[in-house]
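One structure below.
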Amino acid sequence: MKVSVTVAAAVLALASALPGFAQNRSTVRTVSPKEEKNDLSVRAQSLYDTSGITDADIPWMRVIYRSLDLTQEKNMPLYYPEESMEDQENMFRLIVRLMADGKIPVFEYLDGREIFTETYRLKVKDVLDRYYIPYEETEGRRPTYTIDDSDIPSNEVLSYYIREKWVFDQRNSKFYPVVEALCPVLHRSGDFGGEAVKYPMFWVRYNDVKPYLSQQYILTNNENNIQQYTFDDYFQLRLFDGEIYKTTNLRNMSLMQMYPSDTARIEAQNKIEEQLKSFEDNLWVKQPQTAATTGKERGTSKGDATVTDPSGAPSAEARPARSSRGTTQAAKPSSPKAAKPAKAKSPAPKSSPAGSSAAPVRSVRRTK
């Protein structure tokens, strides 16, 4: 009787424990990825850290504005093909389609004061109406815009403005440029012709359009027709050739306003380029070069009698020798080519007979 009671108690205890066990198992299976990440160690979490660079990691930065002329050969991959092909697409067409589909935001061009916030975000309809681009609007909760390929003025976008940051990242002690935004520039002539007027259309953040640029392959070389680079590779590898037209300054002035003369403006552009190139070299203290011990680095070589002391003055061995005529001549190293054949010595005078005076023999120089 006692045995049956004990078995029944054990069965009841097991039955009461099963729901909790099942609940614990289900809890383990439904752990969210966020909770699993929190269970990792600090070092393991740092391996999955994909956050971008922050202002706290940048002790130095300089903002540069460049103008990319699409008529230059290096910048032509951004312009061609003018019409869409099977596997190629013009970058402006790609940006307009993404904008019309609402996949990327565009922002107002403020002439050097770019503010990428919702306050300055442009509506798609306003952009299309401003630049007279025909479209078909489909009404709904979220209106869509259909634009025909022939109506996209890609042939009039002949340049781009890019805004890039040259930053010093103290996390990895590197100095590199980052393209921050792109601005297509429309070149349109008046009704009566004349020189085309530039119309900067809008700014688009590079990080917003980067996922789409990294999927579009382009042709970058006329000699090699394999499409091995994307638009993103084109900017990351800096295959473009851009002219600096402005840097961020207190007065918000372009180089054209600061340097009206073409010569002064070109000198300012070259100076900025040199400053960017030499900035990284000036970050670190260079190790002093050890003094070389070879004779060549000391200023001597085999067959050369010139010796130079550390002060740069010639040593006593290299001092000029005084000739018998009272003129000072510098000692020159003898070389095989400059050596002249030695003159034959005159025969020694015969010994005088005994008793004669040993007077010195004098040579007689003929005179005219």
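Residue names in the structure tokens use chain letters A, B, ... in the order shown, residue numbers from 1 in each chain, and ligand numbers from 1 in the order shown.
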
Could you make a table, as JSON lines, of the residues of region 132-178 of chain A that have an atom within 9 Å of an atom of region 118-126 of chain A, each with its nearest atom pair and distance in Å to one decimal, counting only C-alpha atoms, in chain and number order?
{"residue": "A:Tyr135", "atom": "CA", "partner": "A:Lys125", "partner_atom": "CA", "distance": 8.9}
{"residue": "A:Glu137", "atom": "CA", "partner": "A:Lys125", "partner_atom": "CA", "distance": 8.8}
{"residue": "A:Tyr145", "atom": "CA", "partner": "A:Lys125", "partner_atom": "CA", "distance": 8.2}

Those residues you just picked out, can you put them in a file as a PDB file, in the first residue's frame with N, CA, C and O atoms?
ATOM      1  N   TYR A 135       5.846  63.747 -66.342  1.00  0.00           N
ATOM      2  CA  TYR A 135       5.607  62.559 -65.526  1.00  0.00           C
ATOM      3  C   TYR A 135       4.119  62.253 -65.498  1.00  0.00           C
ATOM      4  O   TYR A 135       3.282  63.092 -65.874  1.00  0.00           O
ATOM      5  N   GLU A 137       1.311  60.898 -62.706  1.00  0.00           N
ATOM      6  CA  GLU A 137       1.113  60.684 -61.278  1.00  0.00           C
ATOM      7  C   GLU A 137      -0.036  59.724 -61.048  1.00  0.00           C
ATOM      8  O   GLU A 137      -1.122  59.877 -61.637  1.00  0.00           O
ATOM      9  N   TYR A 145       5.129  58.160 -59.298  1.00  0.00           N
ATOM     10  CA  TYR A 145       5.380  58.967 -60.483  1.00  0.00           C
ATOM     11  C   TYR A 145       6.073  58.099 -61.520  1.00  0.00           C
ATOM     12  O   TYR A 145       7.116  57.481 -61.237  1.00  0.00           O
TER      13      TYR A 145
END

Query - Met258 (chain A) environment, 12 Å, only C-alpha atoms, sequence neighbours closer than 3 positions dropped, as a list in words - result: Tyr245, Lys246, Thr247, Asn249, Arg251, Asn252, Met253, Ser254, Leu255, Ser261, Asp262, Ala264, Arg265, Ile266, Ala268 and Gln269 of chain A

When DSSP is applied to the backbone of this structure, which of region 147-300 of chain A are assigned strand (DSSP E)? Write them out as a PDB file with N, CA, C and O atoms, in the first residue's frame.
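Printed below is part_19.pdb as written:
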ATOM      1  N   VAL A 157      22.711  66.821 -67.976  1.00  0.00           N
ATOM      2  CA  VAL A 157      23.477  66.767 -66.723  1.00  0.00           C
ATOM      3  C   VAL A 157      24.933  66.501 -67.102  1.00  0.00           C
ATOM      4  O   VAL A 157      25.354  65.361 -67.279  1.00  0.00           O
ATOM      5  N   LEU A 158      25.699  67.573 -67.231  1.00  0.00           N
ATOM      6  CA  LEU A 158      27.076  67.486 -67.719  1.00  0.00           C
ATOM      7  C   LEU A 158      28.112  67.637 -66.618  1.00  0.00           C
ATOM      8  O   LEU A 158      29.309  67.662 -66.906  1.00  0.00           O
ATOM      9  N   SER A 159      27.675  67.749 -65.378  1.00  0.00           N
ATOM     10  CA  SER A 159      28.631  67.840 -64.271  1.00  0.00           C
ATOM     11  C   SER A 159      27.925  67.445 -62.983  1.00  0.00           C
ATOM     12  O   SER A 159      26.691  67.393 -62.906  1.00  0.00           O
ATOM     13  N   TYR A 160      28.736  67.170 -61.979  1.00  0.00           N
ATOM     14  CA  TYR A 160      28.259  66.832 -60.639  1.00  0.00           C
ATOM     15  C   TYR A 160      29.066  67.634 -59.632  1.00  0.00           C
ATOM     16  O   TYR A 160      30.262  67.896 -59.836  1.00  0.00           O
ATOM     17  N   TYR A 161      28.408  68.025 -58.559  1.00  0.00           N
ATOM     18  CA  TYR A 161      29.090  68.536 -57.384  1.00  0.00           C
ATOM     19  C   TYR A 161      29.129  67.408 -56.348  1.00  0.00           C
ATOM     20  O   TYR A 161      28.126  66.724 -56.137  1.00  0.00           O
ATOM     21  N   ILE A 162      30.264  67.234 -55.744  1.00  0.00           N
ATOM     22  CA  ILE A 162      30.374  66.244 -54.671  1.00  0.00           C
ATOM     23  C   ILE A 162      30.907  66.940 -53.420  1.00  0.00           C
ATOM     24  O   ILE A 162      31.738  67.845 -53.499  1.00  0.00           O
ATOM     25  N   ARG A 163      30.385  66.520 -52.312  1.00  0.00           N
ATOM     26  CA  ARG A 163      30.815  67.036 -51.007  1.00  0.00           C
ATOM     27  C   ARG A 163      31.519  65.899 -50.293  1.00  0.00           C
ATOM     28  O   ARG A 163      30.919  64.851 -50.028  1.00  0.00           O
ATOM     29  N   GLU A 164      32.792  66.100 -50.002  1.00  0.00           N
ATOM     30  CA  GLU A 164      33.584  65.048 -49.377  1.00  0.00           C
ATOM     31  C   GLU A 164      34.241  65.576 -48.113  1.00  0.00           C
ATOM     32  O   GLU A 164      34.530  66.770 -47.990  1.00  0.00           O
ATOM     33  N   LYS A 165      34.474  64.667 -47.193  1.00  0.00           N
ATOM     34  CA  LYS A 165      35.141  64.976 -45.938  1.00  0.00           C
ATOM     35  C   LYS A 165      36.470  64.241 -45.882  1.00  0.00           C
ATOM     36  O   LYS A 165      36.526  63.029 -46.096  1.00  0.00           O
ATOM     37  N   TRP A 166      37.500  64.988 -45.587  1.00  0.00           N
ATOM     38  CA  TRP A 166      38.812  64.395 -45.312  1.00  0.00           C
ATOM     39  C   TRP A 166      38.948  64.335 -43.797  1.00  0.00           C
ATOM     40  O   TRP A 166      39.031  65.370 -43.132  1.00  0.00           O
ATOM     41  N   VAL A 167      38.937  63.135 -43.256  1.00  0.00           N
ATOM     42  CA  VAL A 167      38.888  62.950 -41.807  1.00  0.00           C
ATOM     43  C   VAL A 167      40.110  62.165 -41.347  1.00  0.00           C
ATOM     44  O   VAL A 167      40.678  61.354 -42.085  1.00  0.00           O
ATOM     45  N   PHE A 168      40.496  62.446 -40.127  1.00  0.00           N
ATOM     46  CA  PHE A 168      41.515  61.657 -39.439  1.00  0.00           C
ATOM     47  C   PHE A 168      40.810  60.816 -38.387  1.00  0.00           C
ATOM     48  O   PHE A 168      40.291  61.335 -37.400  1.00  0.00           O
ATOM     49  N   ASP A 169      40.779  59.517 -38.620  1.00  0.00           N
ATOM     50  CA  ASP A 169      40.089  58.576 -37.739  1.00  0.00           C
ATOM     51  C   ASP A 169      41.080  58.085 -36.699  1.00  0.00           C
ATOM     52  O   ASP A 169      42.026  57.360 -37.013  1.00  0.00           O
ATOM     53  N   LYS A 174      44.096  56.553 -39.240  1.00  0.00           N
ATOM     54  CA  LYS A 174      44.138  56.669 -40.688  1.00  0.00           C
ATOM     55  C   LYS A 174      43.529  57.993 -41.113  1.00  0.00           C
ATOM     56  O   LYS A 174      42.657  58.536 -40.455  1.00  0.00           O
ATOM     57  N   PHE A 175      44.006  58.471 -42.238  1.00  0.00           N
ATOM     58  CA  PHE A 175      43.534  59.717 -42.828  1.00  0.00           C
ATOM     59  C   PHE A 175      43.021  59.397 -44.223  1.00  0.00           C
ATOM     60  O   PHE A 175      43.776  58.923 -45.080  1.00  0.00           O
ATOM     61  N   TYR A 176      41.729  59.630 -44.469  1.00  0.00           N
ATOM     62  CA  TYR A 176      41.130  59.217 -45.729  1.00  0.00           C
ATOM     63  C   TYR A 176      39.939  60.117 -46.046  1.00  0.00           C
ATOM     64  O   TYR A 176      39.354  60.743 -45.162  1.00  0.00           O
ATOM     65  N   PRO A 177      39.539  60.170 -47.332  1.00  0.00           N
ATOM     66  CA  PRO A 177      38.368  60.969 -47.723  1.00  0.00           C
ATOM     67  C   PRO A 177      37.104  60.120 -47.718  1.00  0.00           C
ATOM     68  O   PRO A 177      37.128  58.912 -47.949  1.00  0.00           O
ATOM     69  N   VAL A 178      35.974  60.774 -47.477  1.00  0.00           N
ATOM     70  CA  VAL A 178      34.661  60.134 -47.474  1.00  0.00           C
ATOM     71  C   VAL A 178      33.724  61.004 -48.301  1.00  0.00           C
ATOM     72  O   VAL A 178      33.551  62.199 -47.999  1.00  0.00           O
ATOM     73  N   VAL A 179      33.136  60.431 -49.351  1.00  0.00           N
ATOM     74  CA  VAL A 179      32.152  61.154 -50.151  1.00  0.00           C
ATOM     75  C   VAL A 179      30.845  61.190 -49.369  1.00  0.00           C
ATOM     76  O   VAL A 179      30.289  60.154 -49.016  1.00  0.00           O
ATOM     77  N   GLU A 180      30.349  62.387 -49.109  1.00  0.00           N
ATOM     78  CA  GLU A 180      29.165  62.543 -48.270  1.00  0.00           C
ATOM     79  C   GLU A 180      27.890  62.747 -49.082  1.00  0.00           C
ATOM     80  O   GLU A 180      26.828  62.221 -48.712  1.00  0.00           O
ATOM     81  N   ALA A 181      27.945  63.510 -50.172  1.00  0.00           N
ATOM     82  CA  ALA A 181      26.732  63.820 -50.921  1.00  0.00           C
ATOM     83  C   ALA A 181      27.081  64.089 -52.380  1.00  0.00           C
ATOM     84  O   ALA A 181      28.217  64.457 -52.712  1.00  0.00           O
ATOM     85  N   LEU A 182      26.069  63.901 -53.256  1.00  0.00           N
ATOM     86  CA  LEU A 182      26.184  64.138 -54.688  1.00  0.00           C
ATOM     87  C   LEU A 182      25.115  65.124 -55.104  1.00  0.00           C
ATOM     88  O   LEU A 182      23.999  65.121 -54.573  1.00  0.00           O
ATOM     89  N   CYS A 183      25.451  65.959 -56.098  1.00  0.00           N
ATOM     90  CA  CYS A 183      24.505  66.943 -56.613  1.00  0.00           C
ATOM     91  C   CYS A 183      24.617  66.984 -58.138  1.00  0.00           C
ATOM     92  O   CYS A 183      25.634  67.451 -58.668  1.00  0.00           O
ATOM     93  N   PRO A 184      23.624  66.496 -58.871  1.00  0.00           N
ATOM     94  CA  PRO A 184      23.651  66.631 -60.339  1.00  0.00           C
ATOM     95  C   PRO A 184      23.417  68.082 -60.752  1.00  0.00           C
ATOM     96  O   PRO A 184      22.573  68.782 -60.177  1.00  0.00           O
ATOM     97  N   VAL A 185      24.174  68.531 -61.750  1.00  0.00           N
ATOM     98  CA  VAL A 185      24.107  69.918 -62.211  1.00  0.00           C
ATOM     99  C   VAL A 185      23.576  69.912 -63.635  1.00  0.00           C
ATOM    100  O   VAL A 185      24.150  69.277 -64.524  1.00  0.00           O
ATOM    101  N   LEU A 186      22.490  70.624 -63.842  1.00  0.00           N
ATOM    102  CA  LEU A 186      21.839  70.694 -65.144  1.00  0.00           C
ATOM    103  C   LEU A 186      22.423  71.859 -65.934  1.00  0.00           C
ATOM    104  O   LEU A 186      22.527  72.982 -65.422  1.00  0.00           O
ATOM    105  N   HIS A 187      22.823  71.602 -67.183  1.00  0.00           N
ATOM    106  CA  HIS A 187      23.369  72.636 -68.067  1.00  0.00           C
ATOM    107  C   HIS A 187      22.329  72.915 -69.153  1.00  0.00           C
ATOM    108  O   HIS A 187      22.130  72.085 -70.049  1.00  0.00           O
ATOM    109  N   ARG A 188      21.702  74.070 -69.068  1.00  0.00           N
ATOM    110  CA  ARG A 188      20.656  74.398 -70.032  1.00  0.00           C
ATOM    111  C   ARG A 188      20.905  75.776 -70.637  1.00  0.00           C
ATOM    112  O   ARG A 188      21.282  76.712 -69.934  1.00  0.00           O
ATOM    113  N   SER A 189      20.672  75.846 -71.931  1.00  0.00           N
ATOM    114  CA  SER A 189      20.798  77.114 -72.646  1.00  0.00           C
ATOM    115  C   SER A 189      19.429  77.761 -72.753  1.00  0.00           C
ATOM    116  O   SER A 189      18.384  77.106 -72.618  1.00  0.00           O
ATOM    117  N   GLY A 190      19.436  79.073 -73.010  1.00  0.00           N
ATOM    118  CA  GLY A 190      18.181  79.801 -73.145  1.00  0.00           C
ATOM    119  C   GLY A 190      17.501  79.509 -74.463  1.00  0.00           C
ATOM    120  O   GLY A 190      17.961  78.704 -75.297  1.00  0.00           O
ATOM    121  N   GLY A 193      19.747  80.342 -77.407  1.00  0.00           N
ATOM    122  CA  GLY A 193      21.078  79.765 -77.394  1.00  0.00           C
ATOM    123  C   GLY A 193      21.991  80.464 -76.421  1.00  0.00           C
ATOM    124  O   GLY A 193      21.557  80.967 -75.376  1.00  0.00           O
ATOM    125  N   GLY A 194      23.247  80.527 -76.780  1.00  0.00           N
ATOM    126  CA  GLY A 194      24.231  81.148 -75.904  1.00  0.00           C
ATOM    127  C   GLY A 194      24.861  80.133 -74.967  1.00  0.00           C
ATOM    128  O   GLY A 194      24.666  78.912 -75.085  1.00  0.00           O
ATOM    129  N   GLU A 195      25.636  80.645 -74.035  1.00  0.00           N
ATOM    130  CA  GLU A 195      26.340  79.772 -73.091  1.00  0.00           C
ATOM    131  C   GLU A 195      25.347  79.135 -72.117  1.00  0.00           C
ATOM    132  O   GLU A 195      24.409  79.793 -71.640  1.00  0.00           O
ATOM    133  N   ALA A 196      25.567  77.849 -71.844  1.00  0.00           N
ATOM    134  CA  ALA A 196      24.658  77.117 -70.964  1.00  0.00           C
ATOM    135  C   ALA A 196      24.783  77.619 -69.538  1.00  0.00           C
ATOM    136  O   ALA A 196      25.872  77.966 -69.069  1.00  0.00           O
ATOM    137  N   VAL A 197      23.669  77.641 -68.839  1.00  0.00           N
ATOM    138  CA  VAL A 197      23.609  78.060 -67.443  1.00  0.00           C
ATOM    139  C   VAL A 197      23.531  76.817 -66.572  1.00  0.00           C
ATOM    140  O   VAL A 197      22.805  75.873 -66.887  1.00  0.00           O
ATOM    141  N   LYS A 198      24.271  76.826 -65.456  1.00  0.00           N
ATOM    142  CA  LYS A 198      24.307  75.679 -64.556  1.00  0.00           C
ATOM    143  C   LYS A 198      23.200  75.813 -63.513  1.00  0.00           C
ATOM    144  O   LYS A 198      23.043  76.877 -62.898  1.00  0.00           O
ATOM    145  N   TYR A 199      22.471  74.703 -63.323  1.00  0.00           N
ATOM    146  CA  TYR A 199      21.409  74.650 -62.323  1.00  0.00           C
ATOM    147  C   TYR A 199      21.661  73.461 -61.402  1.00  0.00           C
ATOM    148  O   TYR A 199      21.327  72.317 -61.747  1.00  0.00           O
ATOM    149  N   PRO A 200      22.261  73.668 -60.241  1.00  0.00           N
ATOM    150  CA  PRO A 200      22.382  72.553 -59.281  1.00  0.00           C
ATOM    151  C   PRO A 200      20.986  72.107 -58.843  1.00  0.00           C
ATOM    152  O   PRO A 200      20.188  72.910 -58.343  1.00  0.00           O
ATOM    153  N   VAL A 204      21.787  64.542 -52.783  1.00  0.00           N
ATOM    154  CA  VAL A 204      21.402  63.210 -52.346  1.00  0.00           C
ATOM    155  C   VAL A 204      22.554  62.643 -51.524  1.00  0.00           C
ATOM    156  O   VAL A 204      23.721  62.714 -51.937  1.00  0.00           O
ATOM    157  N   ARG A 205      22.242  62.144 -50.352  1.00  0.00           N
ATOM    158  CA  ARG A 205      23.288  61.594 -49.491  1.00  0.00           C
ATOM    159  C   ARG A 205      23.852  60.315 -50.100  1.00  0.00           C
ATOM    160  O   ARG A 205      23.101  59.460 -50.586  1.00  0.00           O
ATOM    161  N   TYR A 217      27.024  47.827 -62.442  1.00  0.00           N
ATOM    162  CA  TYR A 217      28.364  47.758 -63.006  1.00  0.00           C
ATOM    163  C   TYR A 217      28.483  48.710 -64.186  1.00  0.00           C
ATOM    164  O   TYR A 217      27.518  48.933 -64.936  1.00  0.00           O
ATOM    165  N   ILE A 218      29.674  49.279 -64.337  1.00  0.00           N
ATOM    166  CA  ILE A 218      29.912  50.280 -65.371  1.00  0.00           C
ATOM    167  C   ILE A 218      31.184  49.939 -66.131  1.00  0.00           C
ATOM    168  O   ILE A 218      32.014  49.132 -65.685  1.00  0.00           O
ATOM    169  N   TYR A 229      33.894  47.109 -62.368  1.00  0.00           N
ATOM    170  CA  TYR A 229      33.712  48.093 -61.314  1.00  0.00           C
ATOM    171  C   TYR A 229      32.253  48.544 -61.276  1.00  0.00           C
ATOM    172  O   TYR A 229      31.574  48.592 -62.311  1.00  0.00           O
ATOM    173  N   THR A 230      31.807  48.914 -60.100  1.00  0.00           N
ATOM    174  CA  THR A 230      30.492  49.495 -59.926  1.00  0.00           C
ATOM    175  C   THR A 230      30.630  50.999 -59.702  1.00  0.00           C
ATOM    176  O   THR A 230      31.740  51.529 -59.575  1.00  0.00           O
ATOM    177  N   GLY A 242      38.238  65.519 -60.053  1.00  0.00           N
ATOM    178  CA  GLY A 242      37.407  66.642 -59.656  1.00  0.00           C
ATOM    179  C   GLY A 242      38.227  67.863 -59.297  1.00  0.00           C
ATOM    180  O   GLY A 242      39.282  67.763 -58.659  1.00  0.00           O
ATOM    181  N   GLU A 243      37.746  69.008 -59.707  1.00  0.00           N
ATOM    182  CA  GLU A 243      38.400  70.279 -59.421  1.00  0.00           C
ATOM    183  C   GLU A 243      37.784  70.902 -58.175  1.00  0.00           C
ATOM    184  O   GLU A 243      36.558  70.979 -58.040  1.00  0.00           O
ATOM    185  N   ILE A 244      38.621  71.332 -57.256  1.00  0.00           N
ATOM    186  CA  ILE A 244      38.136  71.961 -56.026  1.00  0.00           C
ATOM    187  C   ILE A 244      37.591  73.351 -56.358  1.00  0.00           C
ATOM    188  O   ILE A 244      38.295  74.181 -56.935  1.00  0.00           O
ATOM    189  N   TYR A 245      36.326  73.580 -56.010  1.00  0.00           N
ATOM    190  CA  TYR A 245      35.750  74.901 -56.233  1.00  0.00           C
ATOM    191  C   TYR A 245      35.376  75.602 -54.936  1.00  0.00           C
ATOM    192  O   TYR A 245      35.024  76.791 -54.948  1.00  0.00           O
ATOM    193  N   LYS A 246      35.475  74.869 -53.815  1.00  0.00           N
ATOM    194  CA  LYS A 246      35.119  75.497 -52.549  1.00  0.00           C
ATOM    195  C   LYS A 246      35.577  74.621 -51.403  1.00  0.00           C
ATOM    196  O   LYS A 246      35.665  73.396 -51.527  1.00  0.00           O
ATOM    197  N   THR A 247      35.888  75.244 -50.285  1.00  0.00           N
ATOM    198  CA  THR A 247      36.126  74.567 -49.014  1.00  0.00           C
ATOM    199  C   THR A 247      35.290  75.279 -47.946  1.00  0.00           C
ATOM    200  O   THR A 247      34.986  76.467 -48.070  1.00  0.00           O
TER     201      THR A 247
END

Query raised in the report: Quick one, how far is CA of Leu283 (chain A) from CA of Tyr234 (chain A)?
Result: 28.2 Å

Distance query Thr248 (chain A) at most 10 Å, only C-alpha atoms, self and fewer than 6 positions along chain excluded, as an mmCIF file with N, CA and C atoms, in the first residue's frame:
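Here's the written file part19.cif:
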data_model
loop_
_atom_site.group_PDB
_atom_site.id
_atom_site.type_symbol
_atom_site.label_atom_id
_atom_site.label_comp_id
_atom_site.auth_asym_id
_atom_site.auth_seq_id
_atom_site.Cartn_x
_atom_site.Cartn_y
_atom_site.Cartn_z
ATOM 1 N N ARG A 62 38.212 68.194 -42.667
ATOM 2 C CA ARG A 62 38.114 69.313 -43.606
ATOM 3 C C ARG A 62 37.137 68.935 -44.714
ATOM 4 N N VAL A 63 36.188 69.831 -45.001
ATOM 5 C CA VAL A 63 35.153 69.589 -46.001
ATOM 6 C C VAL A 63 35.590 70.232 -47.310
ATOM 7 N N ILE A 64 35.560 69.438 -48.386
ATOM 8 C CA ILE A 64 35.997 69.875 -49.708
ATOM 9 C C ILE A 64 34.833 69.704 -50.684
ATOM 10 N N TYR A 65 34.644 70.696 -51.537
ATOM 11 C CA TYR A 65 33.641 70.623 -52.607
ATOM 12 C C TYR A 65 34.387 70.523 -53.938
ATOM 13 N N GLY A 112 26.327 75.694 -50.293
ATOM 14 C CA GLY A 112 27.374 75.611 -49.286
ATOM 15 C C GLY A 112 26.889 75.396 -47.879
ATOM 16 N N ARG A 113 25.582 75.471 -47.650
ATOM 17 C CA ARG A 113 25.037 75.206 -46.307
ATOM 18 C C ARG A 113 24.047 74.051 -46.417
ATOM 19 N N SER A 254 33.261 80.828 -52.127
ATOM 20 C CA SER A 254 33.912 79.893 -53.029
ATOM 21 C C SER A 254 35.285 80.430 -53.418
#

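Here the question is which of A:Ile53, A:Met61, A:Ile147, A:Met256 gets nearest to Leu276 (chain A) using only C-alpha atoms, and that residue is A:Met61.
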
Requested in this report: Once DSSP has gone over the backbone, tell me which residues of region 26-241 of chain A are in helix (DSSP H, G or I), as a ChimeraX atom specification.
Outcome: /A:26-29,33-38,42-47,55-57,73-78,91-100,118-120,124-130,149-151,154-156,206-213,231-236

Considering only C-alpha atoms, return as a short mmCIF file (atom, residue, chain, number, x, y, z; two decimals) with C-alpha atoms, in the first residue's frame whatever protein or nucleic-acid residues lie within 9 Å of Gln215 (chain A), sequence-local ones (same chain, fewer than 5 positions apart) excluded.
data_model
loop_
_atom_site.label_atom_id
_atom_site.label_comp_id
_atom_site.auth_asym_id
_atom_site.auth_seq_id
_atom_site.Cartn_x
_atom_site.Cartn_y
_atom_site.Cartn_z
CA LYS A 210 25.19 53.59 -52.08
CA THR A 230 30.49 49.50 -59.93
CA PHE A 231 29.52 53.10 -59.32
CA ASP A 232 30.44 52.61 -55.68
#
